[in-house]
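*Asks:* Pasting work_16.tsv below, which is TSV, C-alpha atoms and all ligand atoms.
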chain	number	residue	atom	x	y	z
H	14	MET	CA	26.83	73.24	5.92
H	15	LEU	CA	26.86	75.43	9.03
H	16	ARG	CA	27.92	73.81	12.25
H	17	LEU	CA	28.14	74.77	15.88
H	18	GLY	CA	31.61	74.20	17.13
H	19	SER	CA	31.35	74.48	20.86
H	20	ARG	CA	28.91	73.01	23.36
H	21	ASN	CA	29.22	76.20	25.33
H	22	GLN	CA	27.73	78.43	22.73
H	23	PHE	CA	24.47	79.68	24.13
H	24	GLN	CA	23.09	82.81	22.71
H	25	ILE	CA	19.65	83.95	21.85
H	26	SER	CA	19.02	86.63	19.34
H	27	ARG	CA	16.74	89.46	20.27
H	28	CYS	CA	16.20	90.39	16.70
H	29	ILE	CA	12.87	91.79	15.66
H	30	GLN	CA	11.68	89.91	12.61
H	31	GLN	CA	13.86	87.16	11.26
H	32	ASN	CA	12.13	84.08	10.09
H	33	ALA	CA	8.85	85.95	9.81
H	34	SER	CA	10.52	88.38	7.46
H	35	ARG	CA	10.35	85.65	4.85
H	36	TYR	CA	6.60	86.26	4.82
H	37	PHE	CA	5.88	89.72	6.08
H	38	SER	CA	6.82	92.45	3.68
H	39	GLN	CA	6.85	95.04	6.44
H	40	ALA	CA	9.57	93.11	8.20
H	41	VAL	CA	12.31	94.99	9.99
H	42	ALA	CA	15.79	93.71	9.37
H	43	SER	CA	17.23	91.63	12.18
H	44	SER	CA	19.59	93.35	14.51
H	45	SER	CA	21.92	90.40	14.70
H	46	SER	CA	22.45	87.30	12.71
H	47	SER	CA	25.03	84.60	13.20
H	48	SER	CA	25.41	80.91	12.50
H	49	SER	CA	26.30	80.44	16.18
H	50	LEU	CA	22.84	81.32	17.47
H	51	LEU	CA	21.18	78.18	18.72
H	52	VAL	CA	17.73	79.67	18.46
H	53	GLU	CA	16.51	82.89	16.95
H	54	THR	CA	13.47	84.73	18.18
H	55	SER	CA	11.46	87.40	16.46
H	56	ILE	CA	8.19	89.20	17.07
H	57	ASP	CA	5.61	90.53	14.64
H	58	GLY	CA	2.67	92.15	16.42
H	59	ASN	CA	1.09	89.50	18.63
H	60	VAL	CA	2.85	86.55	17.00
H	61	ALA	CA	6.43	85.49	17.66
H	62	THR	CA	8.74	83.01	16.00
H	63	LEU	CA	11.28	80.75	17.63
H	64	THR	CA	13.56	79.24	15.00
H	65	MET	CA	15.79	76.36	16.01
H	66	ASN	CA	19.21	76.85	14.49
H	67	ARG	CA	21.55	74.13	15.65
H	68	LEU	CA	22.52	72.87	12.25
H	69	PRO	CA	22.66	70.44	10.62
H	70	VAL	CA	19.80	68.67	12.44
H	71	ASN	CA	18.82	70.72	15.52
H	72	SER	CA	19.75	67.91	17.86
H	73	LEU	CA	19.01	68.80	21.46
H	74	SER	CA	22.15	69.29	23.51
H	75	LEU	CA	22.05	70.74	27.03
H	76	GLU	CA	22.74	74.20	25.65
H	77	MET	CA	20.13	73.82	22.92
H	78	CYS	CA	17.49	72.83	25.48
H	79	GLU	CA	18.43	75.83	27.62
H	80	ALA	CA	18.27	78.11	24.59
H	81	ILE	CA	14.79	76.90	23.64
H	82	SER	CA	13.49	77.37	27.19
H	83	SER	CA	15.04	80.84	27.45
H	84	GLY	CA	13.59	81.77	24.07
H	85	ILE	CA	10.11	80.74	25.13
H	86	LYS	CA	10.40	82.63	28.43
H	87	GLU	CA	11.71	85.72	26.69
H	88	ILE	CA	8.76	85.70	24.27
H	89	GLU	CA	6.21	84.96	27.00
H	90	ALA	CA	7.50	87.95	28.96
H	91	ASN	CA	6.09	90.20	26.24
H	92	PRO	CA	2.42	90.60	27.19
H	93	LYS	CA	1.41	91.56	23.66
H	94	VAL	CA	2.43	88.22	22.22
H	95	GLN	CA	-0.23	85.50	22.11
H	96	GLY	CA	0.96	83.22	19.32
H	97	LEU	CA	4.24	81.43	18.67
H	98	VAL	CA	5.47	79.65	15.58
H	99	LEU	CA	8.09	76.99	16.35
H	100	ALA	CA	10.23	76.47	13.27
H	101	SER	CA	13.59	75.19	12.08
H	102	SER	CA	16.20	76.99	10.03
H	103	SER	CA	16.67	73.71	8.14
H	104	LYS	CA	14.00	72.71	5.66
H	105	SER	CA	15.07	69.07	5.79
H	106	THR	CA	15.03	68.53	9.58
H	107	PHE	CA	12.76	70.07	12.19
H	108	SER	CA	14.79	68.39	14.94
H	109	ALA	CA	16.64	65.05	15.09
H	110	GLY	CA	15.73	64.74	18.77
H	111	LEU	CA	18.19	64.43	21.59
H	112	ASP	CA	21.83	64.91	20.77
H	113	LEU	CA	22.93	61.32	21.15
H	114	ASN	CA	26.41	62.51	22.09
H	115	GLU	CA	24.87	63.66	25.38
H	116	LEU	CA	23.80	60.08	26.09
H	117	TYR	CA	26.84	58.18	24.92
H	118	ASN	CA	29.68	57.79	27.48
H	119	PRO	CA	28.17	60.59	29.54
H	120	ASP	CA	29.49	62.57	32.47
H	121	SER	CA	27.06	61.92	35.33
H	122	ASP	CA	26.57	65.55	36.40
H	123	ARG	CA	26.16	66.80	32.88
H	124	LEU	CA	23.68	63.99	32.19
H	125	THR	CA	21.58	65.17	35.15
H	126	ALA	CA	21.65	68.77	33.96
H	127	PHE	CA	20.91	67.67	30.42
H	128	TRP	CA	17.84	65.66	31.33
H	129	ARG	CA	16.47	68.40	33.56
H	130	SER	CA	16.89	70.87	30.74
H	131	PHE	CA	15.01	68.52	28.41
H	132	GLN	CA	12.18	68.12	30.94
H	133	GLN	CA	12.09	71.90	31.18
H	134	VAL	CA	11.70	72.30	27.41
H	135	PHE	CA	8.71	70.00	27.53
H	136	LEU	CA	7.17	71.82	30.50
H	137	ASP	CA	7.75	75.22	28.89
H	138	LEU	CA	6.40	74.26	25.50
H	139	TYR	CA	3.46	72.06	26.46
H	140	GLY	CA	2.46	74.41	29.25
H	141	SER	CA	3.08	77.67	27.42
H	142	ARG	CA	0.51	80.44	27.78
H	143	LEU	CA	1.04	81.02	24.05
H	144	ALA	CA	-0.78	79.33	21.20
H	145	VAL	CA	2.10	77.34	19.76
H	146	ILE	CA	2.01	76.34	16.11
H	147	GLY	CA	4.57	73.82	14.88
H	148	ALA	CA	5.95	74.59	11.42
H	149	ILE	CA	7.31	71.17	10.56
H	150	GLU	CA	9.09	71.38	7.24
H	151	GLY	CA	11.42	68.41	7.78
H	152	ASN	CA	12.05	65.28	9.80
H	153	ALA	CA	10.93	65.11	13.41
H	154	PRO	CA	12.08	61.84	14.98
H	155	ALA	CA	12.17	61.04	18.71
H	156	ALA	CA	12.48	64.17	20.85
H	157	GLY	CA	11.99	66.16	17.63
H	158	CYS	CA	8.57	64.55	17.55
H	159	MET	CA	8.14	65.56	21.21
H	160	LEU	CA	8.73	69.19	20.24
H	161	ALA	CA	6.09	68.86	17.52
H	162	LEU	CA	3.54	67.09	19.71
H	163	SER	CA	3.97	69.75	22.39
H	164	CYS	CA	2.59	72.35	20.01
H	165	ASP	CA	-1.11	73.24	19.97
H	166	TYR	CA	-1.37	72.77	16.22
H	167	ARG	CA	0.97	71.23	13.66
H	168	ILE	CA	1.48	72.13	10.03
H	169	MET	CA	3.62	69.53	8.29
H	170	SER	CA	5.28	69.58	4.91
H	171	SER	CA	4.27	67.03	2.28
H	172	GLY	CA	7.93	66.87	1.31
H	173	SER	CA	10.23	68.10	-1.35
H	174	GLY	CA	10.73	65.95	-4.44
H	175	LYS	CA	11.44	62.41	-3.31
H	176	LYS	CA	12.28	63.56	0.22
H	177	VAL	CA	9.32	62.94	2.48
H	178	PRO	CA	9.72	64.03	6.12
H	179	LEU	CA	9.06	61.50	8.83
H	180	ILE	CA	7.73	62.02	12.34
H	181	GLY	CA	7.44	59.66	15.28
H	182	LEU	CA	9.02	58.22	18.40
H	183	ASN	CA	11.50	55.79	16.88
H	184	GLU	CA	13.52	55.06	20.04
H	185	SER	CA	12.63	51.40	20.35
H	186	GLN	CA	14.22	50.76	16.96
H	187	PHE	CA	17.63	51.29	18.49
H	188	GLY	CA	16.98	49.79	21.90
H	189	ILE	CA	15.91	52.87	23.84
H	190	VAL	CA	12.62	53.45	25.59
H	191	ALA	CA	10.84	56.79	25.55
H	192	PRO	CA	10.51	58.19	29.09
H	193	PRO	CA	6.97	58.10	30.53
H	194	PHE	CA	6.16	61.75	29.90
H	195	LEU	CA	7.18	61.39	26.27
H	196	GLY	CA	5.44	58.07	25.71
H	197	HIS	CA	2.24	59.40	27.24
H	198	LEU	CA	2.40	62.46	25.02
H	199	MET	CA	2.17	60.10	22.07
H	200	LEU	CA	-0.72	58.17	23.61
H	201	ARG	CA	-2.56	61.45	24.32
H	202	THR	CA	-2.10	62.55	20.74
H	203	VAL	CA	-2.88	59.48	18.69
H	204	GLY	CA	-4.88	57.39	21.16
H	205	GLN	CA	-4.07	54.27	23.15
H	206	ARG	CA	-4.13	51.60	20.45
H	207	GLU	CA	-2.28	53.50	17.73
H	208	GLY	CA	0.14	54.82	20.37
H	209	GLU	CA	0.99	51.36	21.68
H	210	ILE	CA	1.83	50.20	18.17
H	211	ALA	CA	3.76	53.39	17.41
H	212	LEU	CA	5.86	53.11	20.56
H	213	SER	CA	6.46	49.36	20.34
H	214	LEU	CA	7.62	49.50	16.73
H	215	GLY	CA	9.31	52.88	16.97
H	216	LYS	CA	7.15	53.84	14.04
H	217	LEU	CA	7.98	56.82	11.85
H	218	TYR	CA	5.00	58.32	10.02
H	219	THR	CA	4.85	59.87	6.59
H	220	PRO	CA	2.94	63.17	6.40
H	221	THR	CA	-0.15	61.38	5.02
H	222	ASP	CA	-0.13	58.85	7.85
H	223	ALA	CA	0.67	61.52	10.43
H	224	LEU	CA	-2.36	63.48	9.29
H	225	GLN	CA	-4.55	60.43	9.66
H	226	VAL	CA	-3.55	59.86	13.30
H	227	LYS	CA	-3.49	63.59	14.16
H	228	MET	CA	0.24	63.88	14.70
H	229	ALA	CA	-0.10	66.48	11.97
H	230	ASP	CA	-3.17	68.70	11.80
H	231	GLU	CA	-2.52	69.86	8.25
H	232	VAL	CA	-0.14	68.77	5.50
H	233	VAL	CA	0.80	71.39	2.93
H	234	ASP	CA	3.42	72.01	0.28
H	235	ILE	CA	6.82	72.66	1.83
H	236	GLU	CA	6.84	76.21	0.50
H	237	LYS	CA	3.55	76.92	2.27
H	238	VAL	CA	4.38	75.55	5.73
H	239	LEU	CA	5.54	78.82	7.28
H	240	GLU	CA	2.91	80.95	5.60
H	241	ARG	CA	0.15	78.62	6.81
H	242	SER	CA	1.70	78.45	10.29
H	243	TYR	CA	1.64	82.23	10.64
H	244	ALA	CA	-1.95	82.32	9.43
H	245	CYS	CA	-2.88	79.78	12.11
H	246	ALA	CA	-0.90	81.59	14.80
H	247	HIS	CA	-2.74	84.84	14.02
H	248	GLN	CA	-6.06	83.00	14.05
H	249	TRP	CA	-5.35	81.35	17.41
H	250	ALA	CA	-4.00	84.62	18.80
H	251	LYS	CA	-7.40	86.24	18.27
H	252	ILE	CA	-9.10	83.97	20.81
H	253	PRO	CA	-9.39	85.66	24.23
H	254	PRO	CA	-6.15	84.51	25.89
H	255	HIS	CA	-7.62	83.52	29.25
H	256	ALA	CA	-10.21	81.30	27.56
H	257	ARG	CA	-7.70	79.74	25.20
H	258	TYR	CA	-5.18	79.06	27.97
H	259	ALA	CA	-7.78	77.74	30.40
H	260	SER	CA	-9.00	75.34	27.73
H	261	LYS	CA	-5.48	74.14	27.10
H	262	MET	CA	-4.84	73.63	30.81
H	263	LEU	CA	-8.08	71.71	31.16
H	264	ALA	CA	-6.47	69.03	29.04
H	265	ARG	CA	-2.86	69.40	30.19
H	266	LYS	CA	-2.56	70.70	33.75
H	267	GLN	CA	-2.69	67.40	35.59
H	268	TYR	CA	-0.31	65.77	33.17
H	269	LEU	CA	2.18	68.62	33.50
H	270	GLN	CA	1.82	68.52	37.27
H	271	GLU	CA	2.71	64.83	37.30
H	272	LEU	CA	6.06	65.55	35.69
H	273	HIS	CA	6.62	68.53	38.01
H	274	ASP	CA	6.06	66.22	40.98
H	275	THR	CA	8.26	63.40	39.72
H	276	ARG	CA	11.13	65.24	38.06
H	277	ASP	CA	13.84	63.86	40.32
H	278	GLU	CA	12.58	60.30	39.97
H	279	ASP	CA	12.43	60.76	36.22
H	280	VAL	CA	16.04	61.97	36.18
H	281	GLU	CA	17.19	58.96	38.21
H	282	ALA	CA	15.25	56.51	36.03
H	283	PHE	CA	16.67	58.11	32.89
H	284	LYS	CA	20.24	58.03	34.17
H	285	GLY	CA	19.94	54.44	35.33
H	286	PHE	CA	18.65	53.43	31.93
H	287	VAL	CA	21.17	55.38	29.87
H	288	MET	CA	24.16	54.20	31.86
H	289	ASN	CA	23.18	50.55	31.46
H	290	GLU	CA	25.91	48.68	29.60
H	291	GLN	CA	23.65	47.26	26.91
H	292	VAL	CA	22.00	50.64	26.30
H	293	GLN	CA	25.43	52.20	25.90
H	294	LYS	CA	26.30	49.54	23.34
H	295	ASN	CA	23.07	50.20	21.45
H	296	LEU	CA	23.70	53.94	21.50
H	297	GLY	CA	27.26	53.55	20.27
H	298	ALA	CA	26.15	51.30	17.42
H	299	TYR	CA	23.33	53.67	16.49
H	300	LEU	CA	25.58	56.72	16.51
H	301	GLN	CA	28.01	54.86	14.30
H	302	SER	CA	25.23	53.83	11.91
H	303	LEU	CA	24.25	57.48	11.48
H	304	LYS	CA	27.79	58.28	10.47
H	305	VAL	CA	28.31	55.37	8.05
H	306	LYS	CA	24.85	55.88	6.50
H	307	LYS	CA	26.31	58.49	4.19
H	308	LYS	CA	29.27	56.45	2.96
E	1	LIG	N1	22.33	63.17	17.75
E	1	LIG	C1	23.59	63.45	17.39
E	1	LIG	N2	23.99	63.55	16.12
E	1	LIG	C2	23.06	63.37	15.16
E	1	LIG	C3	21.73	63.08	15.47
E	1	LIG	C4	21.35	62.98	16.84
E	1	LIG	N3	20.11	62.72	17.25
E	1	LIG	N4	21.04	62.96	14.32
E	1	LIG	C5	21.92	63.16	13.32
E	1	LIG	N5	23.14	63.42	13.83
E	1	LIG	C6	24.36	63.75	13.09
E	1	LIG	C7	24.76	62.66	12.10
E	1	LIG	O1	25.56	61.68	12.72
E	1	LIG	C8	25.56	63.47	11.10
E	1	LIG	O2	26.82	63.75	11.66
E	1	LIG	P1	28.12	63.84	10.72
E	1	LIG	O3	27.85	64.94	9.74
E	1	LIG	O4	29.22	64.15	11.68
E	1	LIG	O5	28.27	62.51	10.04
E	1	LIG	C9	24.81	64.80	11.04
E	1	LIG	O6	24.08	64.89	12.27
E	1	LIG	C10	23.82	64.91	9.90
E	1	LIG	O7	22.96	63.79	9.94
E	1	LIG	P2	22.43	63.08	8.61
E	1	LIG	O8	23.49	63.05	7.57
E	1	LIG	O9	21.84	61.78	9.02
E	1	LIG	O10	21.32	64.11	8.15
E	1	LIG	P3	20.10	63.81	7.18
E	1	LIG	O11	19.56	65.12	6.80
E	1	LIG	O12	20.47	62.84	6.11
E	1	LIG	O13	19.01	63.04	8.11
E	1	LIG	C11	17.77	62.72	10.13
E	1	LIG	C12	18.41	63.73	9.16
E	1	LIG	C13	16.62	61.97	9.42
E	1	LIG	C14	17.21	63.50	11.30
E	1	LIG	C15	18.83	61.69	10.57
E	1	LIG	O14	20.00	62.39	10.96
E	1	LIG	C16	18.43	60.82	11.70
E	1	LIG	O15	17.64	59.90	11.52
E	1	LIG	N6	18.95	61.09	12.92
E	1	LIG	C17	18.69	60.30	14.08
E	1	LIG	C18	17.38	60.67	14.67
E	1	LIG	C19	17.13	59.86	15.92
E	1	LIG	O16	16.96	58.65	15.88
E	1	LIG	N7	17.10	60.53	17.07
E	1	LIG	C20	16.91	59.86	18.30
E	1	LIG	C21	17.51	60.66	19.43
E	1	LIG	S1	17.03	59.96	21.00
E	1	LIG	C22	15.71	60.92	21.49
E	1	LIG	O17	15.47	61.97	20.97
E	1	LIG	C23	14.79	60.49	22.58
E	1	LIG	C24	15.38	59.51	23.50
E	1	LIG	C25	14.41	59.23	24.59
E	1	LIG	C26	15.05	59.16	25.91
E	1	LIG	C27	15.97	58.07	26.11
E	1	LIG	C28	15.78	57.48	27.45
E	1	LIG	C29	16.91	56.62	27.73
Show me this structure written as structure tokens.
Ligand code: CO8

*Replies:*
Amino acid sequence: MLRLGSRNQFQISRCIQQNASRYFSQAVASSSSSSSLLVETSIDGNVATLTMNRLPVNSLSLEMCEAISSGIKEIEANPKVQGLVLASSSKSTFSAGLDLNELYNPDSDRLTAFWRSFQQVFLDLYGSRLAVIGAIEGNAPAAGCMLALSCDYRIMSSGSGKKVPLIGLNESQFGIVAPPFLGHLMLRTVGQREGEIALSLGKLYTPTDALQVKMADEVVDIEKVLERSYACAHQWAKIPPHARYASKMLARKQYLQELHDTRDEDVEAFKGFVMNEQVQKNLGAYLQSLKVKKK
């Protein structure tokens, strides 16, 4: 399994066609390819792809958050591009959410930078001028679910064999509370009642259940997820951009503004919570449980 050795690795590929090349026969070979790229970006006409590549589970470290934000900005800077497919280089995990190592026994300054970079990912993705389609082939717990819910449209895999991907904000299961902007994203997506239950129980949804509550917009065979995502991205990209973006902002602008206006408070609240002794104990135990799970 490929792994990223250093926290300081932060590179973004500028390759033309990478993930999309799996589906477009006219694809141009990528100019660079390396297991150390945290995200890979590619462009095909007016649709781009951002593939998360922090294996094994695309957990969000500070550098990973920065790479995602830079990738989005790089793609948005190309005026021809209107659609974006957000994908994972792992078929089994879209993203495992925050890298829990960032939260456990943290350095205070790094924790501040980390949380700001995570806020920024949310602002960049949820507020993107692009039509963002989530290609969710694998698991999307916690902040992985946030990435998915920040997309305009979500195509989820029905699973592979006995492996069924799960999506949801599961934080409460291990004694952590989703920050307000994340919790409210859930409520906005699935509605108040379902959202309250989902957040309180830290519920993880199967694809069938996710479809029912609109966390997924479509569920398809795992082999069809990317193909269907590109089809959607091209469809959305045909809508006049100003009308599509204005419609999106109608629903999101105020909500995004609220986080803009309260970023510092949100950082302080997050740090206060994470550095709490009991929360640290819960995090340590949870991290350990992930490691012993396999034994
Ligand atoms: N952070 C760090 N390491 C992780 C994480 C993570 N989130 N998830 C998995 N890993 C590690 C595992 O420990 C394991 O490491 P190692 O190989 O050294 O033993 C490796 O990644 C592979 O993991 P698995 O073997 O478990 O991989 P699987 O393919 O079997 O399962 C899953 C993939 C389903 C994603 C599984 O790894 C999992 O459930 N991970 C935990 C997901 C999770 O609960 N994330 C919560 C993160 S917290 C968050 O995102 C929001 C917090 C809100 C803010 C908090 C405010 C205080």

*Asks:* Measuring atom to atom with all atoms listed in the file, identify which of H:Tyr139, H:Leu272, H:Ala126, H:His247 is nearest to H:Gly58.

*Replies:* H:His247

*Asks:* Using only C-alpha atoms and all ligand atoms, which protein or nucleic acid residues are at most 7 Å from ligand LIG 1 (chain E), as a tab-separated table (two decimals) with C-alpha atoms, in the coordinates of the input?

*Replies:*
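Saved result, pocket-v1.tsv, follows:
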chain	number	residue	atom	x	y	z
H	69	PRO	CA	22.66	70.44	10.62
H	70	VAL	CA	19.80	68.67	12.44
H	72	SER	CA	19.75	67.91	17.86
H	105	SER	CA	15.07	69.07	5.79
H	106	THR	CA	15.03	68.53	9.58
H	108	SER	CA	14.79	68.39	14.94
H	109	ALA	CA	16.64	65.05	15.09
H	110	GLY	CA	15.73	64.74	18.77
H	111	LEU	CA	18.19	64.43	21.59
H	112	ASP	CA	21.83	64.91	20.77
H	113	LEU	CA	22.93	61.32	21.15
H	114	ASN	CA	26.41	62.51	22.09
H	152	ASN	CA	12.05	65.28	9.80
H	153	ALA	CA	10.93	65.11	13.41
H	154	PRO	CA	12.08	61.84	14.98
H	155	ALA	CA	12.17	61.04	18.71
H	156	ALA	CA	12.48	64.17	20.85
H	157	GLY	CA	11.99	66.16	17.63
H	183	ASN	CA	11.50	55.79	16.88
H	184	GLU	CA	13.52	55.06	20.04
H	189	ILE	CA	15.91	52.87	23.84
H	190	VAL	CA	12.62	53.45	25.59
H	191	ALA	CA	10.84	56.79	25.55
H	192	PRO	CA	10.51	58.19	29.09
H	283	PHE	CA	16.67	58.11	32.89
H	286	PHE	CA	18.65	53.43	31.93
H	287	VAL	CA	21.17	55.38	29.87
H	300	LEU	CA	25.58	56.72	16.51
H	303	LEU	CA	24.25	57.48	11.48
H	304	LYS	CA	27.79	58.28	10.47
H	307	LYS	CA	26.31	58.49	4.19

*Asks:* Give the answer as one residue: which of H:Ile56, H:Leu269, H:Met169, H:Leu136 has the shortest atom-to-atom distance to H:Val232, using all atoms listed in the file?

*Replies:*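 Under the stated criterion, the closest residue is H:Met169.
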
*Asks:* Pick out the residues sitting within 9 Å of H:Gln186, and hand them over as an MDAnalysis selection string; count all atoms listed in the file, and ignore anything fewer than 6 positions along from it in its own chain.

*Replies:* chainID H and resid 213:216

*Asks:* Which residues are close to H:Asn66, i.e. within 6 Å by only C-alpha atoms, leaving aside same-chain residues fewer than 4 positions away? Reply as a list of chain:residue names.

*Replies:*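 That gives H:Leu51, H:Val52, H:Ser102.
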
*Asks:* Please provide as a VMD selection string all residues within 9 Å of H:Gly188, with the sequence filter that same-chain residues fewer than 3 positions apart are discarded (counting all atoms listed in the file).

*Replies:* chain H and resid 184 to 185 291 to 292 295 to 296

*Asks:* Which residue is closest to H:Ala246? Choose from H:Arg276, H:Arg167, H:Lys261, H:Lys266 and count all atoms listed in the file.

*Replies:*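 With all atoms listed in the file as the atom set, the closest residue is H:Arg167.
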
*Asks:* Quick one: pull the distance between atom CA of H:Met159 and atom CA of H:His255, Å, one decimal.

*Replies:*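 Between atom CA of H:Met159 and atom CA of H:His255 the gap is 25.2 Å.
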
*Asks:* Check the smallest atom-to-atom distance from each of H:Asp122, H:Glu240, H:Asp165, H:Glu150 to H:Arg265 using only C-alpha atoms, then report the winner.

*Replies:*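 Among the listed residues, H:Asp165 lies closest to H:Arg265.
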
*Asks:* Would you list the contacts of H:Gly297 as a PyMOL selection string, taking every protein, DNA or RNA residue within 9 Å and counting all atoms listed in the file, but skipping same-chain residues closer than 4 positions in sequence?

*Replies:* chain H and resi 113+117-118+292-293+301-302

*Asks:* Just how far from atom CA of H:Thr202 is atom CA of H:Asp57, in Å to one decimal?

*Replies:*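 About the pair atom CA of H:Asp57 and atom CA of H:Thr202: they are 29.7 Å apart.
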
*Asks:* Find the distance between atom CA of H:Lys284 and atom CA of H:Gln267 and write it in Å to one decimal.

*Replies:* 24.8 Å

*Asks:* From the options H:Tyr268, H:Leu143, H:Phe127, H:Cys164, which residue's atoms come nearest to H:His197, counting only C-alpha atoms?

*Replies:*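 Among the listed residues, H:Tyr268 lies closest to H:His197.
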
*Asks:* Identify which of the residues H:Tyr299, H:Tyr243, H:Trp249, H:Trp128 lies closest to H:Ala100, counting all atoms listed in the file when measuring atom-to-atom distances.

*Replies:*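 Checking each of H:Tyr299, H:Tyr243, H:Trp249, H:Trp128 against H:Ala100, counting all atoms listed in the file, the winner is H:Tyr243.
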
*Asks:* If we count all atoms listed in the file and set the cut-off at 12 Å, which residues sit around H:Ile168, ignoring sequence neighbours fewer than 5 positions away in its own chain? Please answer as an MDAnalysis selection string.

*Replies:* chainID H and resid 98:100 107 145:151 161:162 220:221 223:224 227:246

*Asks:* Find the axis-aligned box for stretch 270-274 of chain H, covering all its listed atoms and adding 8 Å on each side, and write its centre and edge lengths in Å to one decimal as lines of an AutoDock Vina configuration file.

*Replies:*
center_x = 4.2
center_y = 66.7
center_z = 38.3
size_x = 20.8
size_y = 19.7
size_z = 21.3
